[in-house]
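Asks: Got a structure for you, questions after.
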Amino acid sequence: MGTLYDLALGRVYAVALRVLRQPQDAEEVVGDVFLQVWDKAVSYCPERGAVMAWLLTLAWSRSVDRLRRQRRQRLESPLHPEGQEAAYTPGEDDPADLIIDRLSQVQALERAYGALTPIQRTVLELAYREDLSQPEIAQRTGLPLGTVKSHARRGLAALRSALPAGTESP
């Protein structure tokens, strides 16, 4: 196990850091990955791929899981706790032309969203409003995982094409 750790540590950490963008979070994921390897080494199947591929897949999935947990925690905690004055008022100092640009972007996205197929809208809503993973969406909708991935990819591409090049989503 020590040799495996020494050989794979850098690459496992790099994957976690690339996904999480926070060194402390990436270090915790690396610890989780190697703990899982220690506990469940029997789940490794050599017929399905190399050990390094298995480790990097574990690192990626643990990192994404951590991001989802963090996102859920942010959504659950209030932006302005009870009894405190608001720290800011969004858009308060924005010039009129910026507000109009944002409004036109929102309207373009709404038109593109309306043009999506019903299943694309459902998949994107489950992914971004309910924060479900693609396997969870497949389970809930009864669609094959590959179909869920295709609908998500096509839906996002349609929404992305609704925005002019070089602009950020509102």
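Numbering starts fresh at 1 for the residues of each chain in the structure tokens, the chains themselves are lettered A, B, ... in the order given, and ligands are numbered from 1 as they appear.
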Write down as JSON, numbers by chain the residues belonging to chain A that are assigned alpha helix (DSSP H) by DSSP computed on the backbone.

Replies: {"A": [2, 3, 4, 5, 6, 7, 8, 9, 10, 11, 12, 13, 14, 15, 16, 17, 18, 19, 20, 23, 24, 25, 26, 27, 28, 29, 30, 31, 32, 33, 34, 35, 36, 37, 38, 39, 51, 52, 53, 54, 55, 56, 57, 58, 59, 60, 61, 62, 63, 64, 65, 66, 67, 68, 69, 70, 71, 72, 73, 74, 75, 76, 96, 97, 98, 99, 100, 101, 102, 103, 104, 105, 106, 107, 108, 109, 110, 111, 112, 113, 114, 115, 118, 119, 120, 121, 122, 123, 124, 125, 126, 127, 128, 134, 135, 136, 137, 138, 139, 140, 141, 145, 146, 147, 148, 149, 150, 151, 152, 153, 154, 155, 156, 157, 158, 159, 160, 161, 162]}

Asks: Name all residues at most 8 Å from Asp131 (chain A) (count only C-alpha atoms; drop same-chain ones fewer than 4 positions away) and give them as a list in words.

Replies: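 Listing them by chain and then by number gives Arg68, Arg72, Leu126 and Ala127 of chain A.
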
Asks: Write a file of the selected residues as a tab-separated table (two decimals), in the first residue's frame, keeping C-alpha atoms.

Replies:
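Written out: again-v2.tsv:
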chain	number	residue	atom	x	y	z
A	68	ARG	CA	-22.03	18.80	-4.44
A	72	ARG	CA	-25.92	21.97	-0.88
A	126	LEU	CA	-33.05	17.87	-11.87
A	127	ALA	CA	-29.33	18.52	-12.28

Asks: When distances are computed from only C-alpha atoms, which of A:Leu116, A:Ala14, A:Leu55, A:Ser133 shows the smallest separation from Arg69 (chain A)?

Replies: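 That would be A:Ser133, the residue with the smallest distance to Arg69 (chain A).
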
Asks: Do a neighbour search on Ala152 (chain A) at 9 Å with only C-alpha atoms, toss out local chain neighbours closer than 3 positions, and write the hits as a PDB file with C-alpha atoms, in the first residue's frame.

Replies:
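New file result-v4.pdb:
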ATOM      1  CA  GLN A 120     -33.913  18.200 -21.789  1.00  0.00           C
ATOM      2  CA  ARG A 121     -35.647  20.691 -19.483  1.00  0.00           C
ATOM      3  CA  VAL A 123     -32.829  16.635 -16.974  1.00  0.00           C
ATOM      4  CA  LEU A 124     -31.380  20.138 -16.535  1.00  0.00           C
ATOM      5  CA  ALA A 127     -29.326  18.517 -12.280  1.00  0.00           C
ATOM      6  CA  GLN A 134     -26.608  12.012 -13.683  1.00  0.00           C
ATOM      7  CA  THR A 147     -29.487   9.086 -22.590  1.00  0.00           C
ATOM      8  CA  VAL A 148     -29.458  11.372 -19.547  1.00  0.00           C
ATOM      9  CA  LYS A 149     -25.913  12.459 -20.401  1.00  0.00           C
ATOM     10  CA  GLY A 155     -29.547  21.064 -23.538  1.00  0.00           C
ATOM     11  CA  LEU A 156     -26.512  22.893 -22.164  1.00  0.00           C
ATOM     12  CA  ALA A 157     -25.138  23.371 -25.679  1.00  0.00           C
TER      13      ALA A 157
END

Asks: Skipping near chain neighbours, those fewer than 4 positions away, what residues fall within 9 Å of Ala59 (chain A) using only C-alpha atoms, listed as a count of residues only?

Replies: 12

Asks: Which residue is closest to Glu110 (chain A)? Choose from A:Cys45, A:Ile137, A:Leu75, A:Leu159 and count only C-alpha atoms.

Replies: A:Leu159

Asks: In terms of the shortest atom-to-atom distance over only C-alpha atoms, which of A:Gln107, A:Glu125, A:Leu56, A:Asp39 is closest to Arg18 (chain A)?

Replies: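 The shortest atom-to-atom distance to Arg18 (chain A) comes from A:Leu56.
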